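Okay, structure first, notes after.
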Amino acid sequence: MITQAQADMAIPDRAGSARRLRPPNTAWLADRLSDRDWQIIEIVNLLRLVTGQQLERLYFQSLTGHAREVVRGRVLRRLVRWRVLAVSPRRIGGAARGSAGAAFALGSAGTHLYATRQAAYAARQRVRHPGLPTERTVRHTLAVSELYVSLVEQARLHAASVVSFAAEPACWWPSGLGGYVKPDGYTRLALGTVRDHWWIEVDLATESLPTIKRKLSVYLDFVQRGQLGPHGVVPRVLVSTVSPERRDAVRTIVAHLPEPASALFQVVTQLEAVATMLASLHS
């Protein structure tokens with residue numbers, strides 16, 4: 001007899017009975033995944049952790065009213081039941097209930113499906129295999145995810161587009177000295193023929209100001225040595241902070257760094273981050 005817990009972690013075979021998911025069944029899953037399902041798999045792999053609310057804003061925005069919440073919940077529960085997605089055991093205080101506030105990573109089937117599809121297309125994008133994150137890591141990862149989701153939302157409203165986005169470690173770039181420049185994210189934005197490149201630092205005030213200064217000095221050294229980043233350009237560095245007070249403290253650090261620090265770094269609050277990037281693109 002199959003318990004409810006076992007049934008929730010199983011998929012039906014072609015005869016309709018329930019059985020545990022094993023690699024051969026990924027073909028069964030692949031035949032039943034919608035384009036939206038695949039988009040969810042891709043973005044969760046890209047960002048590592050994404051909340052249900054964030055996925056709703058990205059992929060269910062065409063629905064209105066209560067239907068939006070109902071359909072999002074049904075889709076995410078199905079993907080969790082099929083092990084395409086896995087729910088993070090860590091939740092952020094004050095988060096919404098149910099699938100809206102849950103944080104999702106790729107599940108075992110999702111990892112296998114994504115790797116198989118990447119191999120079929122000869123793609124090289126890395127498949128994420130996240131372990132159990134700390135609460136601090138969850139908060140930071142979801143903050144990067146929130147910046148991406150807000151950027152996509154606002155770009156839609158301003159005739160711009162997010163051409164590409166990468167989170168760490170996919171966004172890390174060789175420093176030229178055997179190490180890496182290690183931003184939290186990288187994005188390339190487009191408006192007509194204009195392209196803007198940004199490295200992103202999401203600062204949640206969990207590191208000391210001297211540590212922030214050392215991190216900014218790595219970027220400055222990279223530029224001063226004549227190194228180039230993605231697409232043969234030097235991205236500007238957006239530092240997104242948790243409060244105006246923290247923003248002002250980091251701006252003071254930048255003011256005491258040698259040039260071209262004033263042109264390289266943009267220090268803003270989280271609420272100002274997306275507007276700053278889009279305003280720069282339009283200017």
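Here, A, B, ... name the chains of the structure tokens in the order displayed, residue numbers run from 1 inside each chain, and ligands are numbered from 1 in the same displayed order.
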Residues of segment 12-260 of chain A in alpha helix (DSSP H) according to DSSP, as a PyMOL selection string? chain A and resi 26-32+35-47+52-59+65-81+98-101+108-120+135-157+209-224+244-255
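Distance check against Arg236 of chain A using only C-alpha atoms: of A:Thr252, A:Asn45, A:Thr206, A:Thr276, the minimum falls on A:Thr276.
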Which residues come within 9 Å of His158 of chain A, counting only C-alpha atoms, excluding same-chain residues fewer than 6 positions away, as a PyMOL selection string? chain A and resi 191+278+282
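Shortest separation to Val274 of chain A among A:Val149, A:Leu49, A:Ala103, A:Val44 occurs at residue A:Val149, atoms counted being only C-alpha atoms.
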Distance query Val218 of chain A at most 9 Å, only C-alpha atoms, self and fewer than 6 positions along chain excluded, as a VMD selection string: chain A and resid 175 181 to 182
Running DSSP on the backbone, which parts of segment 38-197 of chain A land in strand (DSSP E or B), as a CSV table (one decimal) with N, CA and C atoms, in the first residue's frame?
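The file below, states10.csv, is the result:
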chain,number,residue,atom,x,y,z
A,50,VAL,N,14.8,30.2,-6.1
A,50,VAL,CA,13.8,31.2,-6.6
A,50,VAL,C,12.5,30.9,-5.8
A,51,THR,N,11.8,32.0,-5.3
A,51,THR,CA,10.6,31.8,-4.5
A,51,THR,C,9.4,31.6,-5.5
A,85,LEU,N,11.4,20.1,-9.2
A,85,LEU,CA,11.9,21.1,-8.3
A,85,LEU,C,11.9,20.5,-6.9
A,86,ALA,N,12.7,21.1,-6.1
A,86,ALA,CA,12.8,20.7,-4.6
A,86,ALA,C,12.6,21.9,-3.8
A,87,VAL,N,11.9,21.8,-2.7
A,87,VAL,CA,11.6,22.9,-1.8
A,87,VAL,C,12.7,23.0,-0.8
A,103,ALA,N,11.1,28.6,-1.2
A,103,ALA,CA,12.2,28.7,-2.1
A,103,ALA,C,12.5,27.4,-2.8
A,104,PHE,N,12.6,27.5,-4.1
A,104,PHE,CA,12.7,26.3,-4.9
A,104,PHE,C,14.1,26.2,-5.6
A,105,ALA,N,14.7,25.0,-5.5
A,105,ALA,CA,15.9,24.6,-6.3
A,105,ALA,C,15.6,23.5,-7.2
A,106,LEU,N,16.5,23.1,-8.1
A,106,LEU,CA,16.3,22.0,-8.9
A,106,LEU,C,16.2,20.7,-8.1
A,161,SER,N,15.3,45.1,-22.7
A,161,SER,CA,15.4,43.7,-22.6
A,161,SER,C,16.6,43.2,-21.8
A,162,VAL,N,16.4,42.2,-21.0
A,162,VAL,CA,17.6,41.6,-20.3
A,162,VAL,C,18.1,40.5,-21.3
A,163,VAL,N,19.2,40.8,-22.0
A,163,VAL,CA,19.8,39.9,-23.0
A,163,VAL,C,20.4,38.7,-22.3
A,164,SER,N,21.0,38.9,-21.2
A,164,SER,CA,21.6,37.8,-20.5
A,164,SER,C,21.8,38.1,-19.0
A,165,PHE,N,21.8,37.1,-18.2
A,165,PHE,CA,22.0,37.3,-16.8
A,165,PHE,C,22.7,36.0,-16.2
A,166,ALA,N,23.6,36.2,-15.4
A,166,ALA,CA,24.3,35.1,-14.8
A,166,ALA,C,24.5,35.3,-13.3
A,167,ALA,N,24.3,34.4,-12.5
A,167,ALA,CA,24.5,34.5,-11.0
A,167,ALA,C,25.8,33.7,-10.7
A,173,TRP,N,34.7,36.0,-13.4
A,173,TRP,CA,35.5,36.2,-14.6
A,173,TRP,C,37.0,36.2,-14.2
A,174,PRO,N,37.8,35.6,-15.1
A,174,PRO,CA,39.3,35.5,-14.8
A,174,PRO,C,39.9,36.9,-14.6
A,180,TYR,N,40.0,35.1,-9.8
A,180,TYR,CA,38.8,35.5,-10.5
A,180,TYR,C,38.2,36.8,-9.8
A,181,VAL,N,37.6,37.6,-10.6
A,181,VAL,CA,36.7,38.7,-10.1
A,181,VAL,C,35.4,37.9,-9.8
A,185,GLY,N,26.5,38.8,-9.6
A,185,GLY,CA,25.8,38.6,-10.8
A,185,GLY,C,26.4,39.4,-11.9
A,186,TYR,N,26.0,39.1,-13.1
A,186,TYR,CA,26.3,39.9,-14.3
A,186,TYR,C,25.1,39.9,-15.2
A,187,THR,N,24.9,41.1,-15.8
A,187,THR,CA,23.8,41.2,-16.7
A,187,THR,C,24.2,42.1,-17.9
A,188,ARG,N,23.6,41.8,-19.1
A,188,ARG,CA,23.7,42.6,-20.3
A,188,ARG,C,22.3,43.1,-20.7
A,189,LEU,N,22.1,44.4,-20.7
A,189,LEU,CA,20.8,44.9,-21.0
A,189,LEU,C,20.8,45.6,-22.4
A,190,ALA,N,19.7,45.6,-23.1
A,190,ALA,CA,19.6,46.2,-24.4
A,190,ALA,C,18.4,47.1,-24.5
A,191,LEU,N,18.6,48.2,-25.3
A,191,LEU,CA,17.6,49.1,-25.7
A,191,LEU,C,17.9,49.5,-27.1
A,194,VAL,N,21.6,49.9,-28.2
A,194,VAL,CA,22.5,50.2,-27.1
A,194,VAL,C,22.6,48.9,-26.2
A,195,ARG,N,23.8,48.6,-25.7
A,195,ARG,CA,24.0,47.5,-24.8
A,195,ARG,C,24.8,48.1,-23.5
A,196,ASP,N,24.3,47.7,-22.4
A,196,ASP,CA,24.9,48.0,-21.1
A,196,ASP,C,25.3,46.8,-20.4
A,197,HIS,N,26.5,46.8,-19.8
A,197,HIS,CA,27.0,45.6,-19.1
A,197,HIS,C,27.3,46.0,-17.6
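Between atom CA of Glu168 of chain A and atom CA of Leu142 of chain A the separation is 12.3 Å.
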For Gln53 of chain A: contacts at 7 Å, only C-alpha atoms, fewer than 2 positions along chain excluded, given as a PyMOL selection string: chain A and resi 51+55-57+100-101
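Interatomic distance, atom CA of Trp198 of chain A to atom CA of Ala273 of chain A: 11.2 Å.
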Determine the nearest neighbour of Arg225 of chain A from the options A:Leu33, A:Ser62, A:Leu177, A:Met277, counting only C-alpha atoms. A:Leu177
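Using only C-alpha atoms, the protein and nucleic acid residues lying no more than 12 Å from Ala205 of chain A, apart from those fewer than 4 places from it along its own chain, are Arg136, Arg139, His140, Glu201, Leu209, Pro210, Thr211, Ile212, Val239, Ser240, Thr241, Val242, Ser243, Pro244, Glu245, Arg246, Arg247, Ala249, Val250, Thr269 and Gln270 of chain A.
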